[in-house]
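Trainee: This is the structure I want to talk about, given as structure tokens.
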Amino acid sequence: MIIDSAVCLAGMADSAPTKAWLDQMARHAITHAVVAPADGYAAVYNEEGNALLARLVRRYPKQLSGLAVANPWLGTKAVGLLEKAFDDGLMGLFLCPPRQGFRLTESIVDPLLEVCCRRHKPVYAHTGTPICSEPFQLAELARRFPEVTFIMGHAAYPDFWYDVAGALQQAPNLLVETSCQVAAIIQQALDAVGPERVLFGSGWPRSKPGVEILKIRSMGLADDIFEKVMHTNAANCWGLKP
Amino acid sequence: MKIIDAHTHLPGWSFGSRPRPIRELRRAFEDEGLAGAWLFTTDGLLGEPARNNDILAEAVAEHRDFFAPFCTVNPLDGTDAAIRELDRCKSKLGMRGLKLHPWVQAFSMMHPAVEPVLAHAGNLGFPVIFHDGTPPYTSSLQIAALAEKAPQTTIILGHAGLDDLYEDAILACRRHPNIYLCLCSTSGGYSEQIIRHCPVERLLFGSDGGFMPNLIKLAIAKLHETDAPASVLRKIFYDNPQRLLPLPA
Ligand SMILES: [Zn+2]
């Protein structure tokens, strides 16, 4: 059983991108995927992205869960969008600072995180792009909201690999997702904070599931740790029922 | 399909690695699927380029059928010193190209020594491969700006924008006929976009092999997972590197 915690979908009004992703899931035996609205949906068309994704999740409940987007610059409107998206069945918040135009540490994001805290929803953040989405910036946020679970998306690939383990050590409520990043850094994270805080992701469509699964397989992890990374940790983090 | 890897490193003492006997490194590369490799220093990027050029040349002395060795120089040592070392690497060490890593070597592409070094490398017939994709010293367009000033020199963006800047790498490749992109450490979906939008004759396979185990195997799997047809992959994996720097392989 594989749970993929890093999938982005653009163009959801059209059926082709969704079908392409469902085909990938079937081909690579991915049992469940956590999907976020990509690009324009993340930046500007939050409401449309959330609504389209909520509809997809209702249509494919076994295969898909969804994350909501709400650009923090929308202020109180963003809070309303997020509450509505959670009411519609989305189960976490996706932050994409380079697309949404803010630094992870800026206080404009706080009202959204207060909603996540109150409603017990995890927060997945794209990381790895300077100067707005760095591991220690996300750790700072995780320390500001210790009751919220944060996921360091793409393990800060490409250039913040030096910081991954150190940032994880700063905040026990910070997890890391494996896509794009090289295996040695995933191993460092496992060594630094143990096997419960690493989640598999394919990074689709930036990366692809075949090579990402092969990467984790080629690490030679013990069976129980492999199972945690590929499945159990994500099930616990996202509250997915078996 | 035969594969030449245009981006590998001789393990040294830096970045958490240990030196490995060249015979063992070659066997590991062959086991992961390579017929040949362009080999760069690792330690020499952090200091003492000349000494590390000697180490690399000596290591590959009996393996020139498999490895094309690349030297490095540091433009911060001054134009004359860098050019003298390039000449020595060509005539005495038989090096075949130049590797530069402005981020780790701590020089800006706008440093006045860079342009003459690139022009001289071109005169020697050295392709020049750069680390790229990492601001503030190795943005793809920073390197492209110098490629424009050295049009006779083959310039390779060693990571094709390294994900964040892959679209800039595409722009650079399409604008400048002397720019090649090496699909090393570029994620699979972005690699697919690059293959779709760039002249395929100027794309190269690369893996950063030598740094960590399995990098080559995964980099090969990554390109096979794209939608590129076998005829295109054959150019990227073999025909293009073989045209630039023929190996007996
Ligand atoms: Zn490299």
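Each chain in the structure tokens gets a letter, A, B and so on, in the order shown; residues start at 1 in every chain, and ligands are counted from 1 in the order they appear.
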Using only C-alpha atoms and all ligand atoms, which residues of the polymer chains come no farther than 7 Å from ligand 1? I'd like the answer as an NGL selection string.
Mentor: :B and (7-9 or 131 or 208)
Trainee: Identify, with DSSP run on backbone atoms, the residues in range 80-213 of chain A assigned to alpha helix (DSSP H), and express the list as a ChimeraX atom specification.
Mentor: /A:80-87,97-100,110-119,135-144,164-170,183-193,209-213
Trainee: Using only C-alpha atoms for the distances, tell me which of A:Asp87, A:Asp159, A:Glu177, A:Asp224 is nearest to chain B.
Mentor: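 Of A:Asp87, A:Asp159, A:Glu177, A:Asp224, the one nearest chain B is A:Asp159, counting only C-alpha atoms.
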Trainee: Using only C-alpha atoms, find the residues of chain B whose closest atom to chain A is at most 12 Å away, then write them as number ranges by chain.
Mentor: B: 15-17, 103, 131-136, 138, 159, 161-166, 184-194, 207-209, 211-227
Trainee: Do you know which residues are at most 12 Å from Tyr45 in chain A counting only C-alpha atoms, after dropping those on the same chain fewer than 6 positions away, and could you put them as a PDB file with all heavy atoms, in the first residue's frame?
Mentor:
ATOM      1  N   ALA A  10      -3.189  20.804 -12.019  1.00  0.00           N
ATOM      2  CA  ALA A  10      -3.611  22.041 -12.682  1.00  0.00           C
ATOM      3  C   ALA A  10      -4.720  21.653 -13.667  1.00  0.00           C
ATOM      4  O   ALA A  10      -4.958  20.469 -13.907  1.00  0.00           O
ATOM      5  CB  ALA A  10      -2.437  22.667 -13.412  1.00  0.00           C
ATOM      6  N   GLY A  11      -5.400  22.646 -14.197  1.00  0.00           N
ATOM      7  CA  GLY A  11      -6.391  22.389 -15.250  1.00  0.00           C
ATOM      8  C   GLY A  11      -7.477  21.396 -14.869  1.00  0.00           C
ATOM      9  O   GLY A  11      -7.877  20.558 -15.679  1.00  0.00           O
ATOM     10  N   MET A  12      -7.979  21.482 -13.643  1.00  0.00           N
ATOM     11  CA  MET A  12      -8.952  20.479 -13.177  1.00  0.00           C
ATOM     12  C   MET A  12     -10.324  20.616 -13.819  1.00  0.00           C
ATOM     13  O   MET A  12     -11.152  19.707 -13.708  1.00  0.00           O
ATOM     14  CB  MET A  12      -9.088  20.532 -11.652  1.00  0.00           C
ATOM     15  CG  MET A  12      -7.926  19.882 -10.923  1.00  0.00           C
ATOM     16  SD  MET A  12      -8.173  19.852  -9.133  1.00  0.00           S
ATOM     17  CE  MET A  12      -7.846  21.542  -8.688  1.00  0.00           C
ATOM     18  N   PRO A  37      -4.348  21.852  -5.344  1.00  0.00           N
ATOM     19  CA  PRO A  37      -4.554  22.640  -6.558  1.00  0.00           C
ATOM     20  C   PRO A  37      -3.262  23.388  -6.912  1.00  0.00           C
ATOM     21  O   PRO A  37      -2.645  23.996  -6.044  1.00  0.00           O
ATOM     22  CB  PRO A  37      -5.657  23.627  -6.175  1.00  0.00           C
ATOM     23  CG  PRO A  37      -6.244  23.104  -4.892  1.00  0.00           C
ATOM     24  CD  PRO A  37      -5.133  22.377  -4.207  1.00  0.00           C
ATOM     25  N   ALA A  38      -2.848  23.331  -8.180  1.00  0.00           N
ATOM     26  CA  ALA A  38      -1.533  23.858  -8.568  1.00  0.00           C
ATOM     27  C   ALA A  38      -1.634  25.229  -9.226  1.00  0.00           C
ATOM     28  O   ALA A  38      -2.703  25.684  -9.638  1.00  0.00           O
ATOM     29  CB  ALA A  38      -0.866  22.882  -9.528  1.00  0.00           C
ATOM     30  N   ASP A  39      -0.488  25.860  -9.334  1.00  0.00           N
ATOM     31  CA  ASP A  39      -0.252  27.037 -10.183  1.00  0.00           C
ATOM     32  C   ASP A  39      -1.292  28.143  -9.976  1.00  0.00           C
ATOM     33  O   ASP A  39      -1.390  28.688  -8.895  1.00  0.00           O
ATOM     34  CB  ASP A  39      -0.185  26.613 -11.669  1.00  0.00           C
ATOM     35  CG  ASP A  39       0.965  25.623 -11.929  1.00  0.00           C
ATOM     36  OD1 ASP A  39       1.870  25.541 -11.080  1.00  0.00           O
ATOM     37  OD2 ASP A  39       0.945  24.946 -12.955  1.00  0.00           O
ATOM     38  N   ALA A  51     -13.023  24.184  -5.127  1.00  0.00           N
ATOM     39  CA  ALA A  51     -14.318  23.591  -5.495  1.00  0.00           C
ATOM     40  C   ALA A  51     -14.122  22.419  -6.458  1.00  0.00           C
ATOM     41  O   ALA A  51     -14.737  21.355  -6.298  1.00  0.00           O
ATOM     42  CB  ALA A  51     -15.220  24.656  -6.122  1.00  0.00           C
ATOM     43  N   LEU A  52     -13.240  22.610  -7.449  1.00  0.00           N
ATOM     44  CA  LEU A  52     -12.996  21.528  -8.411  1.00  0.00           C
ATOM     45  C   LEU A  52     -12.370  20.322  -7.727  1.00  0.00           C
ATOM     46  O   LEU A  52     -12.726  19.170  -8.001  1.00  0.00           O
ATOM     47  CB  LEU A  52     -12.088  22.023  -9.547  1.00  0.00           C
ATOM     48  CG  LEU A  52     -12.746  22.981 -10.548  1.00  0.00           C
ATOM     49  CD1 LEU A  52     -11.689  23.692 -11.388  1.00  0.00           C
ATOM     50  CD2 LEU A  52     -13.725  22.225 -11.450  1.00  0.00           C
ATOM     51  N   ALA A  68      -6.584  22.285   0.574  1.00  0.00           N
ATOM     52  CA  ALA A  68      -7.169  23.557   0.155  1.00  0.00           C
ATOM     53  C   ALA A  68      -6.080  24.590  -0.093  1.00  0.00           C
ATOM     54  O   ALA A  68      -5.000  24.529   0.492  1.00  0.00           O
ATOM     55  CB  ALA A  68      -8.105  24.063   1.250  1.00  0.00           C
ATOM     56  N   VAL A  69      -6.384  25.541  -0.976  1.00  0.00           N
ATOM     57  CA  VAL A  69      -5.515  26.702  -1.155  1.00  0.00           C
ATOM     58  C   VAL A  69      -6.269  27.968  -0.775  1.00  0.00           C
ATOM     59  O   VAL A  69      -7.478  28.083  -1.001  1.00  0.00           O
ATOM     60  CB  VAL A  69      -4.999  26.826  -2.606  1.00  0.00           C
ATOM     61  CG1 VAL A  69      -3.903  25.819  -2.887  1.00  0.00           C
ATOM     62  CG2 VAL A  69      -6.138  26.666  -3.617  1.00  0.00           C
ATOM     63  N   ALA A  70      -5.526  28.903  -0.161  1.00  0.00           N
ATOM     64  CA  ALA A  70      -6.096  30.208   0.190  1.00  0.00           C
ATOM     65  C   ALA A  70      -4.918  31.165   0.277  1.00  0.00           C
ATOM     66  O   ALA A  70      -4.083  31.031   1.168  1.00  0.00           O
ATOM     67  CB  ALA A  70      -6.839  30.132   1.526  1.00  0.00           C
ATOM     68  N   ASN A  71      -4.835  32.078  -0.676  1.00  0.00           N
ATOM     69  CA  ASN A  71      -3.691  32.992  -0.683  1.00  0.00           C
ATOM     70  C   ASN A  71      -3.762  33.925   0.525  1.00  0.00           C
ATOM     71  O   ASN A  71      -4.752  34.648   0.698  1.00  0.00           O
ATOM     72  CB  ASN A  71      -3.674  33.807  -1.982  1.00  0.00           C
ATOM     73  CG  ASN A  71      -2.362  34.557  -2.132  1.00  0.00           C
ATOM     74  OD1 ASN A  71      -1.853  35.140  -1.172  1.00  0.00           O
ATOM     75  ND2 ASN A  71      -1.815  34.528  -3.324  1.00  0.00           N
ATOM     76  N   LEU A  74      -5.195  37.482   0.689  1.00  0.00           N
ATOM     77  CA  LEU A  74      -6.633  37.766   0.635  1.00  0.00           C
ATOM     78  C   LEU A  74      -7.220  38.068   2.014  1.00  0.00           C
ATOM     79  O   LEU A  74      -8.411  38.380   2.128  1.00  0.00           O
ATOM     80  CB  LEU A  74      -7.381  36.601  -0.010  1.00  0.00           C
ATOM     81  CG  LEU A  74      -7.076  36.367  -1.501  1.00  0.00           C
ATOM     82  CD1 LEU A  74      -7.726  35.076  -1.996  1.00  0.00           C
ATOM     83  CD2 LEU A  74      -7.518  37.548  -2.345  1.00  0.00           C
ATOM     84  N   ALA A  78      -9.475  35.010   2.720  1.00  0.00           N
ATOM     85  CA  ALA A  78      -8.764  33.732   2.681  1.00  0.00           C
ATOM     86  C   ALA A  78      -9.247  32.807   3.803  1.00  0.00           C
ATOM     87  O   ALA A  78      -9.422  31.598   3.596  1.00  0.00           O
ATOM     88  CB  ALA A  78      -7.253  33.959   2.807  1.00  0.00           C
ATOM     89  N   LEU A  81     -12.467  31.351   2.716  1.00  0.00           N
ATOM     90  CA  LEU A  81     -12.255  30.327   1.677  1.00  0.00           C
ATOM     91  C   LEU A  81     -11.809  29.011   2.299  1.00  0.00           C
ATOM     92  O   LEU A  81     -12.251  27.927   1.901  1.00  0.00           O
ATOM     93  CB  LEU A  81     -11.152  30.795   0.718  1.00  0.00           C
ATOM     94  CG  LEU A  81     -11.489  31.837  -0.329  1.00  0.00           C
ATOM     95  CD1 LEU A  81     -10.215  32.294  -1.037  1.00  0.00           C
ATOM     96  CD2 LEU A  81     -12.457  31.243  -1.336  1.00  0.00           C
ATOM     97  N   ARG A  99       4.549  30.868  -5.392  1.00  0.00           N
ATOM     98  CA  ARG A  99       3.398  31.182  -6.241  1.00  0.00           C
ATOM     99  C   ARG A  99       2.479  32.217  -5.579  1.00  0.00           C
ATOM    100  O   ARG A  99       1.840  33.011  -6.260  1.00  0.00           O
ATOM    101  CB  ARG A  99       2.578  29.914  -6.499  1.00  0.00           C
ATOM    102  CG  ARG A  99       3.200  28.986  -7.527  1.00  0.00           C
ATOM    103  CD  ARG A  99       2.782  29.360  -8.936  1.00  0.00           C
ATOM    104  NE  ARG A  99       3.305  28.426  -9.917  1.00  0.00           N
ATOM    105  CZ  ARG A  99       4.359  28.669 -10.690  1.00  0.00           C
ATOM    106  NH1 ARG A  99       5.020  29.810 -10.587  1.00  0.00           N
ATOM    107  NH2 ARG A  99       4.769  27.780 -11.566  1.00  0.00           N
ATOM    108  N   GLN A 100       2.399  32.158  -4.243  1.00  0.00           N
ATOM    109  CA  GLN A 100       1.440  33.009  -3.537  1.00  0.00           C
ATOM    110  C   GLN A 100       2.055  34.328  -3.068  1.00  0.00           C
ATOM    111  O   GLN A 100       1.342  35.200  -2.569  1.00  0.00           O
ATOM    112  CB  GLN A 100       0.831  32.227  -2.361  1.00  0.00           C
ATOM    113  CG  GLN A 100       0.022  31.020  -2.838  1.00  0.00           C
ATOM    114  CD  GLN A 100      -0.493  30.140  -1.712  1.00  0.00           C
ATOM    115  OE1 GLN A 100       0.183  29.950  -0.691  1.00  0.00           O
ATOM    116  NE2 GLN A 100      -1.680  29.592  -1.892  1.00  0.00           N
TER     117      GLN A 100
END
Trainee: Measuring between only C-alpha atoms, which one of A:Asn236, A:Thr127, A:Thr76, A:Gln188 shows the shortest distance to Ile108 in chain A?
Mentor: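 Of the candidates, the smallest distance to Ile108 in chain A is held by A:Thr76.
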Trainee: Restricting the calculation to only C-alpha atoms, which member of B:Pro75, B:Asn53, B:Arg88, B:Gly210 is positioned closest to Pro21 in chain B?
Mentor: B:Gly210
Trainee: Residues within 9 Å of Ile129 in chain B, please, as a VMD selection string. Count only C-alpha atoms; anything in the same chain fewer than 4 positions from it doesn't count.
Mentor: chain B and resid 7 70 97 to 101 154 to 158 180 182
Trainee: Please produce a file of those selected residues containing N, CA, C and O atoms, as an mmCIF file, in the first residue's frame.
Mentor:
data_model
loop_
_atom_site.group_PDB
_atom_site.id
_atom_site.type_symbol
_atom_site.label_atom_id
_atom_site.label_comp_id
_atom_site.auth_asym_id
_atom_site.auth_seq_id
_atom_site.Cartn_x
_atom_site.Cartn_y
_atom_site.Cartn_z
ATOM 1 N N HIS B 7 28.041 14.000 -16.545
ATOM 2 C CA HIS B 7 28.171 14.743 -15.278
ATOM 3 C C HIS B 7 28.432 13.777 -14.127
ATOM 4 O O HIS B 7 27.503 13.328 -13.459
ATOM 5 N N PHE B 70 37.728 16.146 -16.847
ATOM 6 C CA PHE B 70 37.562 17.595 -16.938
ATOM 7 C C PHE B 70 38.400 18.247 -15.836
ATOM 8 O O PHE B 70 38.354 17.815 -14.680
ATOM 9 N N GLY B 97 37.970 18.821 -20.960
ATOM 10 C CA GLY B 97 36.969 19.856 -20.765
ATOM 11 C C GLY B 97 37.226 20.581 -19.461
ATOM 12 O O GLY B 97 38.168 20.249 -18.725
ATOM 13 N N LEU B 98 36.373 21.570 -19.185
ATOM 14 C CA LEU B 98 36.532 22.397 -17.980
ATOM 15 C C LEU B 98 35.230 22.363 -17.179
ATOM 16 O O LEU B 98 34.146 22.535 -17.746
ATOM 17 N N LYS B 99 35.360 22.133 -15.884
ATOM 18 C CA LYS B 99 34.195 22.183 -14.988
ATOM 19 C C LYS B 99 34.331 23.396 -14.082
ATOM 20 O O LYS B 99 35.368 23.592 -13.440
ATOM 21 N N LEU B 100 33.284 24.200 -14.012
ATOM 22 C CA LEU B 100 33.277 25.344 -13.094
ATOM 23 C C LEU B 100 32.032 25.287 -12.216
ATOM 24 O O LEU B 100 30.956 24.877 -12.669
ATOM 25 N N HIS B 101 32.204 25.697 -10.969
ATOM 26 C CA HIS B 101 31.119 25.652 -9.993
ATOM 27 C C HIS B 101 31.126 26.975 -9.229
ATOM 28 O O HIS B 101 31.603 27.044 -8.093
ATOM 29 N N THR B 154 31.641 25.985 -26.234
ATOM 30 C CA THR B 154 30.474 25.185 -25.864
ATOM 31 C C THR B 154 30.262 25.293 -24.364
ATOM 32 O O THR B 154 31.147 24.956 -23.574
ATOM 33 N N ILE B 155 29.092 25.796 -23.983
ATOM 34 C CA ILE B 155 28.775 26.008 -22.571
ATOM 35 C C ILE B 155 27.641 25.056 -22.191
ATOM 36 O O ILE B 155 26.602 25.015 -22.860
ATOM 37 N N ILE B 156 27.832 24.302 -21.123
ATOM 38 C CA ILE B 156 26.817 23.338 -20.690
ATOM 39 C C ILE B 156 26.270 23.751 -19.325
ATOM 40 O O ILE B 156 27.043 23.928 -18.379
ATOM 41 N N LEU B 157 24.951 23.921 -19.249
ATOM 42 C CA LEU B 157 24.318 24.156 -17.940
ATOM 43 C C LEU B 157 24.157 22.784 -17.291
ATOM 44 O O LEU B 157 23.322 21.976 -17.699
ATOM 45 N N GLY B 158 24.977 22.529 -16.288
ATOM 46 C CA GLY B 158 25.164 21.178 -15.763
ATOM 47 C C GLY B 158 23.963 20.579 -15.066
ATOM 48 O O GLY B 158 23.926 19.370 -14.828
ATOM 49 N N TYR B 180 24.328 24.059 -24.179
ATOM 50 C CA TYR B 180 23.763 22.716 -24.017
ATOM 51 C C TYR B 180 23.174 22.601 -22.608
ATOM 52 O O TYR B 180 23.620 23.288 -21.698
ATOM 53 N N CYS B 182 22.431 19.812 -19.520
ATOM 54 C CA CYS B 182 22.656 18.473 -18.987
ATOM 55 C C CYS B 182 21.532 18.160 -17.994
ATOM 56 O O CYS B 182 21.354 18.875 -17.007
#
Trainee: Please run DSSP on the backbone and report, as an MDAnalysis selection string, all residues within range 49-202 of chain B that come out as strand (DSSP E).
Mentor: chainID B and resid 67:71 97:100 128:130 155:157 179:183
Trainee: Compile the contact shell of range 197-206 of chain B as a ChimeraX atom specification: residues with an atom at most 7 Å away, counting only C-alpha atoms, same-chain residues fewer than 4 positions apart removed.
Mentor: /B:5-7,170,173-174,180-184,193,232,235-237,240-241
Trainee: So, counting only C-alpha atoms, which residue among A:Leu64, A:Ala85, A:Ala16, A:Leu199 is closest to Glu48 in chain A?
Mentor: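 Closest candidate: A:Ala85.
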Trainee: For Ser108 in chain B, list every protein, DNA or RNA residue within 6 Å, evaluated using only C-alpha atoms, and leave out those in the same chain fewer than 2 positions away; present the list as a PDB file with N, CA, C and O atoms, in the first residue's frame.
Mentor:
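Saved the output as part-v9.pdb:
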ATOM      1  N   MET B 110      30.199  37.557 -13.302  1.00  0.00           N
ATOM      2  CA  MET B 110      30.568  38.880 -13.796  1.00  0.00           C
ATOM      3  C   MET B 110      32.018  39.236 -13.424  1.00  0.00           C
ATOM      4  O   MET B 110      32.495  40.320 -13.767  1.00  0.00           O
ATOM      5  N   HIS B 111      32.714  38.371 -12.722  1.00  0.00           N
ATOM      6  CA  HIS B 111      34.124  38.620 -12.420  1.00  0.00           C
ATOM      7  C   HIS B 111      34.887  38.759 -13.747  1.00  0.00           C
ATOM      8  O   HIS B 111      34.681  37.964 -14.676  1.00  0.00           O
ATOM      9  N   TYR B 137      24.986  32.947  -7.538  1.00  0.00           N
ATOM     10  CA  TYR B 137      26.112  32.914  -8.479  1.00  0.00           C
ATOM     11  C   TYR B 137      25.872  32.039  -9.699  1.00  0.00           C
ATOM     12  O   TYR B 137      26.634  32.124 -10.660  1.00  0.00           O
TER      13      TYR B 137
END
Trainee: I'd like to know which of B:Tyr238, B:Phe67, B:Trp13, B:Phe130 is closest to Phe29 in chain B, using only C-alpha atoms.
Mentor: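 Between B:Tyr238, B:Phe67, B:Trp13, B:Phe130, the residue approaching Phe29 in chain B most closely is B:Phe67.
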Trainee: By how many Å are CA of Gly49 in chain A and CA of Cys96 in chain A apart?
Mentor: 13.8 Å
